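*Asks:* I'd like to ask you about the structure that follows.
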Amino acid sequence: MTRMRHAIVPPYLLARIAAVADERYPIAADAARRSLVRDAPVREWRLRGELPPFAHDRLPSVLPDAPSSPDRRISDAQGSETLPGRLVRREGQPATGDDAVDEAYDGLGDTHRMFDRVFGRDSIDGTGMPLEATVHYGDRYDNAFWDGERMVFGDGDGEIFSGFTNSISVIGHELAHGVTERTANLRYQGQSGALNEHVSDVFGALVEQYTLGQDAGAATWLIGEGIFTDAVEGRALRSMLEPGTAYDDDVLGRDPQPAHYDDYIQTREDNGGVHLNSGIPNRAFALAATALGGFAWEHMGRIWYATLTSGRLAVDTGFHRFAGETVRAASERFGADSRETRAVREAWAAVGVAPEEV
Amino acid sequence: MDVSVSRSGGIGGLRLVWEVDLDREPDRESWEVLLHDIPWDEVPPAPPEPDRFIYRIRCEPHEATLAERQVTGPWRELVDRVRARSEPRRAASGPRRAR
């Protein structure tokens, strides 16, 4: 990640939140603490009028908050397409020096921590299942995927994609596919497939925000920032807030995601355009989150997680039913007349999806 | 005679199309041997997997759609060969929308 982070919350406020908010807002306190730890050296350099002497803003390896207990296993396919590859880093083992291995390890840890600490879910299955990943998959392989057992990451071709582990949102996206498979199991075709993709983008973005301590206003709402090479005219694979604007490049063309239900794309490709039409619910989520402000995982994240795990979603759920279930989940958690529920309703209206009564 | 390979899906949902005009290939015979081995009508349906590629392979009058993990044996040989012989064209997955 090469982007400079915008510190929107002043340090004194972070310190105050970290100190006093513990009882009522344990997660806000936690986020404030991690933000303080992360930003401290940056602030010192900034005071001295210098740029920090690092190109990549990684988290410190030790955080003051209580960690979750993931069981990570990172394997190396060494350029082959054979899975799982050679096991190169197990839980608790030190960094290997191989960026892809260590980024996957860290990203899975961040994702596990958010699911565990925010949503009370221990790993993909909720009962501590090992998080397995394979890196260096294939030859110049331009993809990352979830195969039902593990997350798999290619190195990219070096011309358009520079690798897939250097974006926390991509790692969170893949792990979330595992969570969806174990919960609502949305069929990966058409509208339910686009919702499956949407849910992965939601939790991918939230992991990034949680890890960086970003509130909804400071967040980029980009998926896959940093995975394009510098040659590409683009910021990321997708923008949740402004679908269709993530890239506009001579070679790649323009980001084709629709942002409104009127522009829903019917196609035979991509399982019925699951990576395209996800733009519509993505925008609804980001609109509601930014309208509410604050940490998105605290309100919108909880509503979406409750929806996903409610047991009320059929495998072939479409947009309107899903929207109705999010309104229901928001009402149950925050009240039917709460600003959270209103924000959810207004966001669906803004993308042209009328929530079904459920 | 053309052979085309269209790859869609992937985490980016980016579609690529490779095409080879066999009439312009110096070793047309070896292409025909390879194409003869392709089991066009024996591709079982496969459940879609999140973010994996989907291949649509065409050579008139044949067409087959394969999940990434089904692209093995002669299919893999054909796909690799088409990719090696042509530059990919990036194609929209759906109709272009006016803005």
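Residues are named by chain letter and number: chains run A, B, ... in the order of the structure tokens, numbers start at 1 in each chain, and ligands are numbered from 1 in the order shown.
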If we count only C-alpha atoms, which residues of chain A reach to within 7 Å of chain B? Please list them as a ChimeraX atom specification.

*Replies:* /A:143-147,177,188,237,252,265-267,269-270,275-276

*Asks:* Give me the residues within 6 Å of Ser4 in chain B as a list in words, counting only C-alpha atoms and dropping any in the same chain fewer than 5 places off.

*Replies:*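 Final neighbour list, sorted by chain and number: Trp18, Glu19, Ile57 and Arg58 of chain B.
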
*Asks:* Skipping near chain neighbours, those fewer than 2 positions away, what residues fall within 8 Å of Pro70 in chain A using only C-alpha atoms, listed as a list of chain:residue names?

*Replies:*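 The contact residues come out as A:Ser68, A:Arg72, A:Glu91, A:Gly109, A:His112, A:Arg113, A:Asp122, A:Ser123, A:Gly128, A:Pro130, A:Leu131.
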
*Asks:* Could you write out that same residue set with C-alpha atoms as a short mmCIF file (atom, residue, chain, number, x, y, z; two decimals), in the first residue's frame?

*Replies:*
```
data_model
loop_
_atom_site.label_atom_id
_atom_site.label_comp_id
_atom_site.auth_asym_id
_atom_site.auth_seq_id
_atom_site.Cartn_x
_atom_site.Cartn_y
_atom_site.Cartn_z
CA SER A 68 -7.52 -12.86 18.19
CA ARG A 72 -2.78 -19.49 9.74
CA GLU A 91 0.93 -19.65 13.05
CA GLY A 109 -4.62 -12.09 10.73
CA HIS A 112 -9.59 -12.91 11.48
CA ARG A 113 -9.29 -10.18 14.09
CA ASP A 122 -13.83 -17.18 15.14
CA SER A 123 -12.57 -17.87 11.61
CA GLY A 128 -11.55 -21.66 14.64
CA PRO A 130 -7.41 -22.98 10.09
CA LEU A 131 -6.95 -20.18 7.58
#
```

*Asks:* Going by DSSP on the backbone, which bits of range 155-347 of chain A are helix (DSSP H, G or I)? Write them as a PyMOL selection string, please.

*Replies:* chain A and resi 168-182+190-212+261-263+270-277+279-292+300-308+319-334+339-347

*Asks:* Would you put the residues from that selection into a file with C-alpha atoms, as a tab-separated table (two decimals), in the first residue's frame?

*Replies:*
```tsv
chain	number	residue	atom	x	y	z
A	168	ILE	CA	-5.92	-6.07	2.55
A	169	SER	CA	-9.30	-5.62	0.88
A	170	VAL	CA	-8.46	-8.43	-1.58
A	171	ILE	CA	-7.39	-10.78	1.22
A	172	GLY	CA	-10.51	-9.91	3.22
A	173	HIS	CA	-12.60	-10.38	0.07
A	174	GLU	CA	-11.32	-13.94	-0.40
A	175	LEU	CA	-11.76	-14.93	3.24
A	176	ALA	CA	-15.28	-13.51	3.19
A	177	HIS	CA	-16.13	-15.87	0.32
A	178	GLY	CA	-15.44	-18.64	2.81
A	179	VAL	CA	-17.72	-17.04	5.39
A	180	THR	CA	-20.52	-16.64	2.83
A	181	GLU	CA	-20.11	-20.26	1.76
A	182	ARG	CA	-20.54	-21.36	5.38
A	190	GLY	CA	-26.85	-13.75	-11.48
A	191	GLN	CA	-28.21	-11.58	-8.66
A	192	SER	CA	-27.38	-13.95	-5.81
A	193	GLY	CA	-23.87	-14.21	-7.28
A	194	ALA	CA	-23.55	-10.44	-7.42
A	195	LEU	CA	-24.66	-10.37	-3.77
A	196	ASN	CA	-22.03	-13.00	-2.93
A	197	GLU	CA	-19.44	-10.71	-4.57
A	198	HIS	CA	-20.92	-7.69	-2.80
A	199	VAL	CA	-20.64	-9.32	0.62
A	200	SER	CA	-16.98	-10.10	-0.06
A	201	ASP	CA	-16.34	-6.50	-1.09
A	202	VAL	CA	-18.12	-5.25	2.04
A	203	PHE	CA	-16.02	-7.29	4.43
A	204	GLY	CA	-12.86	-6.72	2.39
A	205	ALA	CA	-13.36	-2.95	2.67
A	206	LEU	CA	-14.27	-3.19	6.35
A	207	VAL	CA	-11.13	-5.18	7.17
A	208	GLU	CA	-9.05	-2.48	5.55
A	209	GLN	CA	-10.89	0.27	7.44
A	210	TYR	CA	-10.70	-1.60	10.75
A	211	THR	CA	-7.00	-2.29	10.33
A	212	LEU	CA	-6.24	1.30	9.43
A	261	TYR	CA	-30.31	-0.89	-10.81
A	262	ASP	CA	-31.49	0.73	-14.05
A	263	ASP	CA	-28.06	-0.12	-15.48
A	270	ASP	CA	-18.67	-13.85	-15.48
A	271	ASN	CA	-21.51	-16.04	-14.14
A	272	GLY	CA	-23.98	-13.40	-15.21
A	273	GLY	CA	-21.83	-10.40	-14.41
A	274	VAL	CA	-21.33	-11.11	-10.71
A	275	HIS	CA	-18.30	-8.79	-10.56
A	276	LEU	CA	-20.17	-6.09	-12.46
A	277	ASN	CA	-23.59	-5.91	-10.86
A	279	GLY	CA	-21.53	-2.34	-7.93
A	280	ILE	CA	-25.21	-1.68	-7.25
A	281	PRO	CA	-25.42	-3.08	-3.67
A	282	ASN	CA	-21.83	-1.91	-3.07
A	283	ARG	CA	-22.90	1.67	-3.64
A	284	ALA	CA	-25.92	1.26	-1.37
A	285	PHE	CA	-23.67	0.03	1.45
A	286	ALA	CA	-21.09	2.79	1.02
A	287	LEU	CA	-23.75	5.50	0.73
A	288	ALA	CA	-25.42	4.42	3.97
A	289	ALA	CA	-22.08	4.06	5.78
A	290	THR	CA	-20.85	7.49	4.75
A	291	ALA	CA	-24.22	9.07	5.56
A	292	LEU	CA	-23.97	7.62	9.07
A	300	MET	CA	-23.41	-1.08	8.67
A	301	GLY	CA	-21.01	-3.98	9.18
A	302	ARG	CA	-23.15	-5.35	11.99
A	303	ILE	CA	-26.35	-4.99	9.95
A	304	TRP	CA	-24.83	-6.81	6.97
A	305	TYR	CA	-23.27	-9.52	9.12
A	306	ALA	CA	-26.62	-10.09	10.85
A	307	THR	CA	-28.29	-10.32	7.44
A	308	LEU	CA	-25.75	-12.80	6.12
A	319	PHE	CA	-31.34	-7.74	-4.71
A	320	HIS	CA	-34.82	-6.75	-3.52
A	321	ARG	CA	-35.17	-9.53	-1.02
A	322	PHE	CA	-31.64	-8.95	0.26
A	323	ALA	CA	-32.39	-5.24	0.65
A	324	GLY	CA	-35.53	-6.12	2.62
A	325	GLU	CA	-33.50	-8.37	4.91
A	326	THR	CA	-30.97	-5.61	5.58
A	327	VAL	CA	-33.82	-3.26	6.54
A	328	ARG	CA	-35.16	-5.94	8.84
A	329	ALA	CA	-31.74	-6.53	10.43
A	330	ALA	CA	-31.23	-2.78	10.88
A	331	SER	CA	-34.66	-2.44	12.51
A	332	GLU	CA	-34.00	-5.36	14.84
A	333	ARG	CA	-30.67	-4.01	15.98
A	334	PHE	CA	-31.19	-0.27	15.97
A	339	ARG	CA	-31.09	6.77	11.75
A	340	GLU	CA	-29.32	3.52	10.86
A	341	THR	CA	-32.50	1.98	9.44
A	342	ARG	CA	-33.35	5.20	7.63
A	343	ALA	CA	-29.87	5.34	6.12
A	344	VAL	CA	-30.22	1.77	4.85
A	345	ARG	CA	-33.63	2.51	3.29
A	346	GLU	CA	-32.42	5.72	1.66
A	347	ALA	CA	-29.31	4.05	0.28
```

*Asks:* So which bits of range 96-194 of chain A end up strand (DSSP E or B) when you DSSP the backbone, as a PyMOL selection string?

*Replies:* chain A and resi 122+127+131-137+144-146+151-154+161

*Asks:* Please determine, counting only C-alpha atoms, which residue among B:Leu78, B:Val5, B:Pro88, B:Arg83 has the shortest atom-to-atom distance to Ser30 in chain B.

*Replies:* B:Leu78

*Asks:* Do a neighbour search on Arg81 in chain B at 10 Å with only C-alpha atoms, toss out local chain neighbours closer than 4 positions, and write the hits as a PyMOL selection string.

*Replies:* chain B and resi 20+31+34+75-77+85-86

*Asks:* Counting only C-alpha atoms, what is within 9 Å of Val43 in chain B, bar same-chain residues fewer than 5 positions away, as JSON, numbers by chain?

*Replies:* {"B": [64, 65, 66, 70]}

*Asks:* Looking at only C-alpha atoms, which of A:Glu159, A:Asp110, A:Asp215, A:Asp337 is the one that sits closest to Gly293 in chain A?

*Replies:*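 That would be A:Asp215, the residue with the smallest distance to Gly293 in chain A.
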
*Asks:* Just the residues within 8 Å of Glu60 in chain B, please, counting only C-alpha atoms, with nothing from its chain fewer than 3 positions along; format it as a PyMOL selection string.

*Replies:* chain B and resi 1-3+63
